[in-house]
$ cat run_4.cif   # mmCIF, C-alpha atoms
data_coords
#
loop_
_atom_site.group_PDB
_atom_site.id
_atom_site.type_symbol
_atom_site.label_atom_id
_atom_site.label_comp_id
_atom_site.auth_asym_id
_atom_site.auth_seq_id
_atom_site.Cartn_x
_atom_site.Cartn_y
_atom_site.Cartn_z
ATOM 1 C CA MET A 1 -148.872 124.498 -14.873
ATOM 2 C CA SER A 2 -146.254 123.282 -17.341
ATOM 3 C CA ARG A 3 -143.484 124.339 -14.940
ATOM 4 C CA LEU A 4 -145.143 122.415 -12.140
ATOM 5 C CA ARG A 5 -145.408 119.302 -14.279
ATOM 6 C CA SER A 6 -141.807 119.687 -15.351
ATOM 7 C CA ALA A 7 -140.679 120.049 -11.736
ATOM 8 C CA ARG A 8 -142.638 116.964 -10.707
ATOM 9 C CA ALA A 9 -141.190 114.966 -13.584
ATOM 10 C CA CYS A 10 -137.669 116.037 -12.606
ATOM 11 C CA SER A 11 -138.357 115.078 -8.992
ATOM 12 C CA ARG A 12 -139.588 111.629 -10.021
ATOM 13 C CA ILE A 13 -136.591 111.068 -12.264
ATOM 14 C CA SER A 14 -134.238 112.230 -9.521
ATOM 15 C CA SER A 15 -135.763 109.934 -6.885
ATOM 16 C CA THR A 16 -135.711 107.002 -9.309
ATOM 17 C CA LEU A 17 -132.058 107.598 -10.177
ATOM 18 C CA THR A 18 -131.255 107.847 -6.467
ATOM 19 C CA SER A 19 -132.890 104.486 -5.894
ATOM 20 C CA VAL A 20 -130.997 102.958 -8.803
ATOM 21 C CA ARG A 21 -127.712 104.244 -7.388
ATOM 22 C CA SER A 22 -128.588 102.773 -3.995
ATOM 23 C CA VAL A 23 -129.325 99.417 -5.606
ATOM 24 C CA ARG A 24 -125.965 99.532 -7.381
ATOM 25 C CA ARG A 25 -124.097 100.450 -4.188
ATOM 26 C CA CYS A 26 -125.753 97.688 -2.181
ATOM 27 C CA LEU A 27 -125.459 94.918 -4.789
ATOM 28 C CA PRO A 28 -122.347 93.450 -3.083
ATOM 29 C CA LEU A 29 -124.511 92.727 -0.018
ATOM 30 C CA PHE A 30 -126.340 90.027 -1.983
ATOM 31 C CA VAL A 31 -123.182 87.936 -2.083
ATOM 32 C CA SER A 32 -121.670 88.955 1.250
ATOM 33 C CA ALA A 33 -121.857 87.041 4.508
ATOM 34 C CA ARG A 34 -124.545 89.368 5.783
ATOM 35 C CA PRO A 35 -127.308 90.272 5.781
ATOM 36 C CA ARG A 36 -128.553 86.731 5.450
ATOM 37 C CA THR A 37 -131.605 87.318 3.241
ATOM 38 C CA PRO A 38 -132.368 89.402 0.128
ATOM 39 C CA LEU A 39 -135.219 91.117 1.971
ATOM 40 C CA ARG A 40 -132.763 92.527 4.510
ATOM 41 C CA VAL A 41 -130.535 93.735 1.668
ATOM 42 C CA LEU A 42 -133.534 95.611 0.268
ATOM 43 C CA CYS A 43 -134.016 97.197 3.676
ATOM 44 C CA VAL A 44 -130.423 98.484 3.633
ATOM 45 C CA MET A 45 -131.009 99.793 0.098
ATOM 46 C CA ALA A 46 -134.100 101.689 1.252
ATOM 47 C CA PHE A 47 -132.224 103.455 4.038
ATOM 48 C CA ASP A 48 -129.316 104.227 1.716
ATOM 49 C CA ALA A 49 -131.725 105.867 -0.743
ATOM 50 C CA LEU A 50 -133.452 107.734 2.080
ATOM 51 C CA HIS A 51 -130.125 109.069 3.329
ATOM 52 C CA GLN A 52 -129.207 110.147 -0.200
ATOM 53 C CA LEU A 53 -132.515 112.002 -0.656
ATOM 54 C CA ARG A 54 -132.227 113.828 2.654
ATOM 55 C CA TYR A 55 -128.530 114.571 2.903
ATOM 56 C CA SER A 56 -127.438 114.401 -0.761
ATOM 57 C CA LYS A 57 -124.906 111.700 0.048
ATOM 58 C CA PRO A 58 -125.095 107.921 0.434
ATOM 59 C CA LEU A 59 -124.627 105.988 3.618
ATOM 60 C CA PRO A 60 -121.012 105.005 4.292
ATOM 61 C CA VAL A 61 -120.162 101.397 3.472
ATOM 62 C CA ALA A 62 -119.325 100.878 7.158
ATOM 63 C CA THR A 63 -122.917 101.832 8.023
ATOM 64 C CA HIS A 64 -124.192 99.305 5.474
ATOM 65 C CA ARG A 65 -122.319 96.614 7.368
ATOM 66 C CA VAL A 66 -123.642 97.756 10.729
ATOM 67 C CA LEU A 67 -127.227 97.799 9.442
ATOM 68 C CA ALA A 68 -126.738 94.330 7.965
ATOM 69 C CA ALA A 69 -125.452 93.033 11.296
ATOM 70 C CA LEU A 70 -128.336 94.712 13.121
ATOM 71 C CA LEU A 71 -130.918 93.078 10.841
ATOM 72 C CA ASP A 72 -129.318 89.645 11.274
ATOM 73 C CA PHE A 73 -129.104 90.166 15.035
ATOM 74 C CA GLY A 74 -132.797 91.068 15.103
ATOM 75 C CA ALA A 75 -133.695 87.899 13.225
ATOM 76 C CA CYS A 76 -131.697 85.762 15.674
ATOM 77 C CA THR A 77 -133.272 87.502 18.660
ATOM 78 C CA ASN A 78 -136.801 87.036 17.338
ATOM 79 C CA ALA A 79 -136.043 83.355 16.710
ATOM 80 C CA ILE A 80 -134.985 82.972 20.351
ATOM 81 C CA PHE A 81 -138.249 84.433 21.651
ATOM 82 C CA ASP A 82 -140.227 82.246 19.220
ATOM 83 C CA GLU A 83 -138.190 79.183 20.263
ATOM 84 C CA LYS A 84 -137.072 78.614 16.685
ATOM 85 C CA ALA A 85 -133.688 77.450 15.422
ATOM 86 C CA TYR A 86 -130.920 80.022 15.298
ATOM 87 C CA ARG A 87 -127.128 80.082 15.161
ATOM 88 C CA ARG A 88 -125.589 80.996 18.487
ATOM 89 C CA LYS A 89 -122.309 81.882 16.802
ATOM 90 C CA GLU A 90 -124.149 84.245 14.440
ATOM 91 C CA LEU A 91 -125.887 85.906 17.381
ATOM 92 C CA GLU A 92 -122.588 86.423 19.210
ATOM 93 C CA LEU A 93 -120.777 87.703 16.113
ATOM 94 C CA THR A 94 -123.450 90.231 15.168
ATOM 95 C CA ARG A 95 -123.663 91.424 18.764
ATOM 96 C CA GLN A 96 -119.898 91.943 18.754
ATOM 97 C CA ILE A 97 -120.125 94.017 15.553
ATOM 98 C CA LEU A 98 -122.846 96.193 17.078
ATOM 99 C CA ASP A 99 -120.895 96.689 20.310
ATOM 100 C CA GLU A 100 -117.797 97.707 18.366
ATOM 101 C CA ALA A 101 -119.939 100.230 16.451
ATOM 102 C CA GLY A 102 -120.894 101.893 19.734
ATOM 103 C CA LEU A 103 -124.434 100.516 19.843
ATOM 104 C CA HIS A 104 -124.140 98.539 23.074
ATOM 105 C CA SER A 105 -126.487 100.746 25.118
ATOM 106 C CA MET A 106 -129.089 101.020 22.371
ATOM 107 C CA VAL A 107 -129.078 97.269 21.751
ATOM 108 C CA GLU A 108 -129.561 96.666 25.468
ATOM 109 C CA GLU A 109 -132.553 99.014 25.408
ATOM 110 C CA VAL A 110 -133.968 97.217 22.356
ATOM 111 C CA LEU A 111 -133.658 93.860 24.110
ATOM 112 C CA ARG A 112 -135.323 95.251 27.233
ATOM 113 C CA ARG A 113 -138.272 96.583 25.238
ATOM 114 C CA LEU A 114 -138.524 93.463 23.128
ATOM 115 C CA SER A 115 -138.513 91.282 26.238
ATOM 116 C CA ASP A 116 -141.348 93.377 27.641
ATOM 117 C CA LEU A 117 -143.377 93.021 24.418
ATOM 118 C CA GLU A 118 -142.777 89.292 24.227
ATOM 119 C CA GLY A 119 -143.672 88.878 27.884
ATOM 120 C CA ARG A 120 -147.077 90.390 27.126
ATOM 121 C CA ARG A 121 -147.610 88.682 23.781
ATOM 122 C CA PRO A 122 -151.256 87.696 23.230
ATOM 123 C CA SER A 123 -152.423 84.115 23.132
ATOM 124 C CA PRO A 124 -153.363 82.672 19.726
ATOM 125 C CA PHE A 125 -156.790 81.459 18.626
ATOM 126 C CA GLY A 126 -158.749 84.048 20.575
ATOM 127 C CA ASP A 127 -161.724 86.375 20.229
ATOM 128 C CA ASP A 128 -162.074 89.855 18.717
ATOM 129 C CA ARG A 129 -160.088 91.500 21.506
ATOM 130 C CA GLN A 130 -157.217 89.065 21.143
ATOM 131 C CA CYS A 131 -157.212 89.569 17.363
ATOM 132 C CA HIS A 132 -156.738 93.291 17.928
ATOM 133 C CA GLU A 133 -154.013 92.630 20.486
ATOM 134 C CA ALA A 134 -152.208 90.259 18.104
ATOM 135 C CA ARG A 135 -152.094 92.910 15.394
ATOM 136 C CA SER A 136 -150.967 95.578 17.861
ATOM 137 C CA TYR A 137 -148.230 93.238 19.107
ATOM 138 C CA ARG A 138 -147.039 92.573 15.543
ATOM 139 C CA GLU A 139 -146.965 96.288 14.777
ATOM 140 C CA ALA A 140 -145.144 97.174 18.001
ATOM 141 C CA VAL A 141 -142.360 94.669 17.298
ATOM 142 C CA ALA A 142 -142.045 95.937 13.716
ATOM 143 C CA ARG A 143 -141.841 99.574 14.839
ATOM 144 C CA LEU A 144 -139.256 98.686 17.476
ATOM 145 C CA TRP A 145 -136.862 97.143 14.962
ATOM 146 C CA LEU A 146 -137.614 99.679 12.224
ATOM 147 C CA GLY A 147 -137.006 102.515 14.674
ATOM 148 C CA THR A 148 -133.729 100.890 15.730
ATOM 149 C CA VAL A 149 -132.530 100.654 12.125
ATOM 150 C CA ALA A 150 -133.703 104.209 11.392
ATOM 151 C CA ALA A 151 -131.851 105.632 14.399
ATOM 152 C CA THR A 152 -128.695 103.711 13.479
ATOM 153 C CA ALA A 153 -128.822 104.845 9.843
ATOM 154 C CA ALA A 154 -129.251 108.453 10.966
ATOM 155 C CA GLY A 155 -126.244 108.179 13.270
ATOM 156 C CA SER A 156 -128.392 108.602 16.368
ATOM 157 C CA ARG A 157 -128.086 106.583 19.567
ATOM 158 C CA CYS A 158 -131.582 107.528 20.784
ATOM 159 C CA LEU A 159 -133.913 104.573 20.347
ATOM 160 C CA GLU A 160 -137.005 106.500 21.421
ATOM 161 C CA GLU A 161 -136.356 109.066 18.708
ATOM 162 C CA GLY A 162 -136.163 106.334 16.078
ATOM 163 C CA ILE A 163 -139.396 104.670 17.209
ATOM 164 C CA LEU A 164 -141.312 107.949 17.290
ATOM 165 C CA ALA A 165 -140.071 108.673 13.778
ATOM 166 C CA THR A 166 -141.925 105.589 12.518
ATOM 167 C CA TYR A 167 -145.143 107.397 13.464
ATOM 168 C CA ALA A 168 -144.222 110.976 12.517
ATOM 169 C CA ASP A 169 -141.982 110.537 9.485
ATOM 170 C CA ASP A 170 -143.952 109.934 6.270
ATOM 171 C CA VAL A 171 -141.146 107.982 4.609
ATOM 172 C CA LEU A 172 -140.685 105.697 7.605
ATOM 173 C CA GLU A 173 -144.457 105.215 7.727
ATOM 174 C CA LEU A 174 -144.277 103.942 4.141
ATOM 175 C CA LEU A 175 -141.435 101.614 5.113
ATOM 176 C CA PHE A 176 -143.461 100.416 8.107
ATOM 177 C CA ARG A 177 -146.398 99.512 5.870
ATOM 178 C CA ILE A 178 -144.106 97.640 3.497
ATOM 179 C CA VAL A 179 -142.695 95.721 6.469
ATOM 180 C CA MET A 180 -146.194 94.812 7.647
ATOM 181 C CA GLN A 181 -147.164 93.520 4.196
ATOM 182 C CA CYS A 182 -144.046 91.339 4.277
ATOM 183 C CA GLN A 183 -145.072 90.215 7.763
ATOM 184 C CA ILE A 184 -148.460 89.134 6.433
ATOM 185 C CA ILE A 185 -146.791 87.133 3.663
ATOM 186 C CA ASP A 186 -144.543 85.465 6.213
ATOM 187 C CA ASP A 187 -147.486 84.672 8.519
ATOM 188 C CA VAL A 188 -149.416 82.988 5.706
ATOM 189 C CA LEU A 189 -146.415 80.887 4.701
ATOM 190 C CA ASP A 190 -145.626 79.925 8.310
ATOM 191 C CA TYR A 191 -149.216 79.336 9.444
ATOM 192 C CA SER A 192 -148.867 75.608 10.126
ATOM 193 C CA ARG A 193 -145.640 76.036 12.084
ATOM 194 C CA ASP A 194 -146.955 79.049 14.040
ATOM 195 C CA ALA A 195 -150.205 77.231 14.836
ATOM 196 C CA SER A 196 -148.436 74.129 16.143
ATOM 197 C CA ALA A 197 -146.035 76.266 18.210
ATOM 198 C CA GLY A 198 -148.820 78.478 19.577
ATOM 199 C CA LEU A 199 -147.250 81.689 18.228
ATOM 200 C CA PRO A 200 -149.356 84.832 17.731
ATOM 201 C CA SER A 201 -149.634 85.952 14.117
ATOM 202 C CA PHE A 202 -152.201 87.457 11.786
ATOM 203 C CA LEU A 203 -153.530 84.005 10.877
ATOM 204 C CA THR A 204 -153.392 82.427 14.339
ATOM 205 C CA ALA A 205 -155.075 85.403 16.031
ATOM 206 C CA SER A 206 -158.602 84.056 15.638
ATOM 207 C CA ALA A 207 -159.989 80.683 16.642
ATOM 208 C CA SER A 208 -161.591 80.523 13.186
ATOM 209 C CA LEU A 209 -159.112 80.331 10.295
ATOM 210 C CA PRO A 210 -161.577 81.801 7.735
ATOM 211 C CA ASP A 211 -162.195 84.699 10.127
ATOM 212 C CA ALA A 212 -158.442 85.179 10.596
ATOM 213 C CA ILE A 213 -157.918 85.216 6.820
ATOM 214 C CA GLU A 214 -160.635 87.829 6.385
ATOM 215 C CA ARG A 215 -159.124 90.003 9.125
ATOM 216 C CA THR A 216 -155.698 89.602 7.551
ATOM 217 C CA HIS A 217 -157.087 90.716 4.183
ATOM 218 C CA GLN A 218 -158.602 93.777 5.831
ATOM 219 C CA ALA A 219 -155.260 94.600 7.468
ATOM 220 C CA ALA A 220 -153.442 94.230 4.143
ATOM 221 C CA CYS A 221 -155.890 96.658 2.510
ATOM 222 C CA GLU A 222 -155.361 99.170 5.321
ATOM 223 C CA TYR A 223 -151.571 98.966 5.035
ATOM 224 C CA ALA A 224 -151.840 99.387 1.257
ATOM 225 C CA HIS A 225 -153.867 102.586 1.639
ATOM 226 C CA HIS A 226 -151.459 105.537 1.491
ATOM 227 C CA ARG A 227 -153.697 108.385 0.380
ATOM 228 C CA ASP A 228 -153.406 109.880 3.852
ATOM 229 C CA LEU A 229 -149.669 110.308 3.275
ATOM 230 C CA PRO A 230 -148.185 113.190 1.277
ATOM 231 C CA ARG A 231 -147.859 112.243 -2.378
ATOM 232 C CA SER A 232 -144.334 113.564 -2.682
ATOM 233 C CA ASP A 233 -142.555 112.560 -5.878
ATOM 234 C CA ASP A 234 -139.389 112.067 -3.830
ATOM 235 C CA VAL A 235 -140.821 108.845 -2.391
ATOM 236 C CA LEU A 236 -142.219 107.476 -5.656
ATOM 237 C CA PRO A 237 -139.986 104.354 -5.523
ATOM 238 C CA LEU A 238 -141.225 103.576 -2.011
ATOM 239 C CA ARG A 239 -144.859 104.003 -3.072
ATOM 240 C CA VAL A 240 -144.212 101.620 -5.940
ATOM 241 C CA ALA A 241 -142.545 99.175 -3.523
ATOM 242 C CA LEU A 242 -145.569 99.391 -1.221
ATOM 243 C CA GLY A 243 -147.852 98.658 -4.164
ATOM 244 C CA VAL A 244 -145.820 95.593 -5.146
ATOM 245 C CA ALA A 245 -145.677 94.335 -1.547
ATOM 246 C CA SER A 246 -149.431 94.856 -1.182
ATOM 247 C CA ILE A 247 -150.188 92.891 -4.349
ATOM 248 C CA CYS A 248 -147.953 90.044 -3.161
ATOM 249 C CA ALA A 249 -149.634 90.039 0.258
ATOM 250 C CA LYS A 250 -153.124 89.891 -1.257
ATOM 251 C CA LEU A 251 -152.081 87.071 -3.583
ATOM 252 C CA MET A 252 -150.669 85.188 -0.615
ATOM 253 C CA ILE A 253 -153.936 85.709 1.296
ATOM 254 C CA ARG A 254 -155.799 84.213 -1.676
ATOM 255 C CA PHE A 255 -153.496 81.247 -1.421
ATOM 256 C CA GLY A 256 -154.377 81.040 2.276
ATOM 257 C CA ARG A 257 -158.091 81.023 1.433
ATOM 258 C CA TRP A 258 -157.546 78.280 -1.141
ATOM 259 C CA ARG A 259 -155.569 76.202 1.340
ATOM 260 C CA CYS A 260 -158.275 76.710 3.962
ATOM 261 C CA ALA A 261 -160.921 75.519 1.497
ATOM 262 C CA CYS A 262 -158.810 72.449 0.671
ATOM 263 C CA LEU A 263 -158.461 71.618 4.364
ATOM 264 C CA LYS A 264 -162.221 71.870 4.808
ATOM 265 C CA SER A 265 -162.913 69.608 1.850
ATOM 266 C CA THR A 266 -160.475 66.947 3.058
ATOM 267 C CA THR A 267 -161.682 66.969 6.668
ATOM 268 C CA SER A 268 -165.433 67.192 6.054
ATOM 269 C CA PRO A 269 -167.282 63.869 6.291
ATOM 270 C CA ARG A 270 -168.234 62.302 2.992
ATOM 271 C CA PRO A 271 -171.969 61.776 2.404
ATOM 272 C CA ARG A 272 -173.109 58.216 2.697
ATOM 273 C CA PRO A 273 -174.512 56.620 -0.439
ATOM 274 C CA ALA A 274 -178.269 56.392 -0.499
ATOM 275 C CA ALA A 275 -179.755 53.037 0.456
ATOM 276 C CA ARG A 276 -181.054 51.050 -2.479
#
$ encode --input "run_4.cif" --output "structure tokens"
Amino acid sequence: MSRLRSARACSRISSTLTSVRSVRRCLPLFVSARPRTPLRVLCVMAFDALHQLRYSKPLPVATHRVLAALLDFGACTNAIFDEKAYRRKELELTRQILDEAGLHSMVEEVLRRLSDLEGRRPSPFGDDRQCHEARSYREAVARLWLGTVAATAAGSRCLEEGILATYADDVLELLFRIVMQCQIIDDVLDYSRDASAGLPSFLTASASLPDAIERTHQAACEYAHHRDLPRSDDVLPLRVALGVASICAKLMIRFGRWRCACLKSTTSPRPRPAAR
């Protein structure tokens, strides 16, 4: 028993040190031209740590740059489909970087699949069926991009292999759940803009905002639940990251409830004073 505990402690320490080394290697990305956001830098860090755990060596710096360009390209592409502002020059530059890295065919396949998903995107403010479809749509888009990044980090050019890995690979499943918690946070923050633009999200899925908030809370709890995944000490940092992301998502949902209550109080008719 003592040997088992010692082995588990060593495994936890090793995985933590691996994560720390990945953070140190990827720190320059925070001040580089890309990726554009800290969250995307954290994504590169996660795949660097994963590569280190599996192959006992970090991702090459050149791969860091390709992943950063891929994440920025994905953000620009999603903005186009959502009819949001984006930089055309940034889109062209990141696409050029990906083509030079030999990812032209895979990127074309990603765009084809994304176009198909967006062409079938559910309408907002619907019933129970549309709420389910909105969540499925959100998850499908997340798995598409996560699978693309996973395949690129692994040096594969097979998109289908990367997407399937998000279902079969326990580590990628953890990453997927972290991504979905971040998606929930983003949907709460962007509710007003998404609602006015008619975009499907967790909070615009239902015609009733309180109902949408309750469904979003349920989804956040389901993504936070990881007891069905192997409790390997090698992925302790990712489990901790999922816990932090889940707490942030639930706090943001509370904020959404509070904002909903404020909207109700400001829009509800005031009672008339009683006649004397």
$ resolve_selection --input "run_4.cif" --expression "the PyMOL selection byres ((chain A and resi 72) around 12)" --output "PyMOL selection string"
chain A and resi 33-41+43-44+65-71+73-79+86-95+97-98+145+149
$ write_last_selection --input "run_4.cif" --atoms "C-alpha atoms" --output "PDB file, in the coordinates of the input"
ATOM      1  CA  ALA A  33    -121.857  87.041   4.508  1.00  0.00           C
ATOM      2  CA  ARG A  34    -124.545  89.368   5.783  1.00  0.00           C
ATOM      3  CA  PRO A  35    -127.308  90.272   5.781  1.00  0.00           C
ATOM      4  CA  ARG A  36    -128.553  86.731   5.450  1.00  0.00           C
ATOM      5  CA  THR A  37    -131.605  87.318   3.241  1.00  0.00           C
ATOM      6  CA  PRO A  38    -132.368  89.402   0.128  1.00  0.00           C
ATOM      7  CA  LEU A  39    -135.219  91.117   1.971  1.00  0.00           C
ATOM      8  CA  ARG A  40    -132.763  92.527   4.510  1.00  0.00           C
ATOM      9  CA  VAL A  41    -130.535  93.735   1.668  1.00  0.00           C
ATOM     10  CA  CYS A  43    -134.016  97.197   3.676  1.00  0.00           C
ATOM     11  CA  VAL A  44    -130.423  98.484   3.633  1.00  0.00           C
ATOM     12  CA  ARG A  65    -122.319  96.614   7.368  1.00  0.00           C
ATOM     13  CA  VAL A  66    -123.642  97.756  10.729  1.00  0.00           C
ATOM     14  CA  LEU A  67    -127.227  97.799   9.442  1.00  0.00           C
ATOM     15  CA  ALA A  68    -126.738  94.330   7.965  1.00  0.00           C
ATOM     16  CA  ALA A  69    -125.452  93.033  11.296  1.00  0.00           C
ATOM     17  CA  LEU A  70    -128.336  94.712  13.121  1.00  0.00           C
ATOM     18  CA  LEU A  71    -130.918  93.078  10.841  1.00  0.00           C
ATOM     19  CA  PHE A  73    -129.104  90.166  15.035  1.00  0.00           C
ATOM     20  CA  GLY A  74    -132.797  91.068  15.103  1.00  0.00           C
ATOM     21  CA  ALA A  75    -133.695  87.899  13.225  1.00  0.00           C
ATOM     22  CA  CYS A  76    -131.697  85.762  15.674  1.00  0.00           C
ATOM     23  CA  THR A  77    -133.272  87.502  18.660  1.00  0.00           C
ATOM     24  CA  ASN A  78    -136.801  87.036  17.338  1.00  0.00           C
ATOM     25  CA  ALA A  79    -136.043  83.355  16.710  1.00  0.00           C
ATOM     26  CA  TYR A  86    -130.920  80.022  15.298  1.00  0.00           C
ATOM     27  CA  ARG A  87    -127.128  80.082  15.161  1.00  0.00           C
ATOM     28  CA  ARG A  88    -125.589  80.996  18.487  1.00  0.00           C
ATOM     29  CA  LYS A  89    -122.309  81.882  16.802  1.00  0.00           C
ATOM     30  CA  GLU A  90    -124.149  84.245  14.440  1.00  0.00           C
ATOM     31  CA  LEU A  91    -125.887  85.906  17.381  1.00  0.00           C
ATOM     32  CA  GLU A  92    -122.588  86.423  19.210  1.00  0.00           C
ATOM     33  CA  LEU A  93    -120.777  87.703  16.113  1.00  0.00           C
ATOM     34  CA  THR A  94    -123.450  90.231  15.168  1.00  0.00           C
ATOM     35  CA  ARG A  95    -123.663  91.424  18.764  1.00  0.00           C
ATOM     36  CA  ILE A  97    -120.125  94.017  15.553  1.00  0.00           C
ATOM     37  CA  LEU A  98    -122.846  96.193  17.078  1.00  0.00           C
ATOM     38  CA  TRP A 145    -136.862  97.143  14.962  1.00  0.00           C
ATOM     39  CA  VAL A 149    -132.530 100.654  12.125  1.00  0.00           C
TER      40      VAL A 149
END
$ atom_distance --input "run_4.cif" --atom1 "CA of Ser19 (chain A)" --atom2 "CA of Met180 (chain A)"
21.3 Å
$ residues_around --input "run_4.cif" --residues "Gly162 (chain A)" --least-positions-apart "2" --cutoff "10 Å" --atoms "all atoms listed in the file" --output "VMD selection string"
chain A and resid 143 to 154 156 to 160 164 to 169 172
$ resolve_selection --input "run_4.cif" --expression "the PyMOL selection byres ((chain A and resi 237) around 12)" --output "PyMOL selection string"
chain A and resi 11-20+22-23+45-46+49-50+53+171+174-175+178+231-236+238-244
$ atom_distance --input "run_4.cif" --atom1 "CA of Tyr137 (chain A)" --atom2 "CA of Leu42 (chain A)"
24.0 Å
$ closest_atom_pairs --input "run_4.cif" --of "region 59-151 of chain A" --to "region 194-218 of chain A" --cutoff "9 Å" --atoms "all atoms listed in the file" --output "CSV"
residue,atom,partner,partner_atom,distance
A:Asp82,CA,A:Leu199,CA,7.1
A:Glu83,CA,A:Ala197,CA,8.6
A:Arg121,CA,A:Pro200,CA,7.4
A:Pro122,CA,A:Pro200,CA,6.5
A:Ser123,CA,A:Pro200,CA,6.3
A:Pro124,CA,A:Ala205,CA,4.9
A:Phe125,CA,A:Ala207,CA,3.8
A:Gly126,CA,A:Ser206,CA,4.9
A:Asp127,CA,A:Ser206,CA,6.0
A:Asp128,CA,A:Ser206,CA,7.4
A:Gln130,CA,A:Ala205,CA,6.6
A:Cys131,CA,A:Ala205,CA,4.9
A:His132,CA,A:Ala205,CA,8.3
A:Glu133,CA,A:Ala205,CA,8.6
A:Ala134,CA,A:Ala205,CA,6.0
A:Arg135,CA,A:Phe202,CA,6.5
A:Tyr137,CA,A:Pro200,CA,8.6
A:Arg138,CA,A:Ser201,CA,7.3
$ closest_residue --input "run_4.cif" --among "A:Glu139, A:Glu222, A:Glu161, A:Asp170" --to "Gln183 (chain A)" --atoms "only C-alpha atoms"
A:Glu139
$ resolve_selection --input "run_4.cif" --expression "the PyMOL selection byres ((chain A and resi 248) around 12)" --output "PyMOL selection string"
chain A and resi 178+180-186+188+217+220-221+224+241-247+249-255
$ axis_aligned_box --input "run_4.cif" --around "region 36-51 of chain A" --padding-each-side "4 Å" --output "AutoDock Vina command-line options"
--center_x -131.9 --center_y 97.9 --center_z 2.4 --size_x 14.7 --size_y 30.3 --size_z 14.2
$ closest_residue --input "run_4.cif" --among "A:Ala261, A:Thr63, A:Asp228, A:Val141" --to "Gly102 (chain A)" --atoms "all atoms listed in the file"
A:Thr63
$ atom_distance --input "run_4.cif" --atom1 "CA of Ala219 (chain A)" --atom2 "CA of Val110 (chain A)"
26.1 Å
$ closest_residue --input "run_4.cif" --among "A:Gln52, A:Arg177, A:Val61, A:Ala142" --to "Leu27 (chain A)" --atoms "all atoms listed in the file"
A:Val61
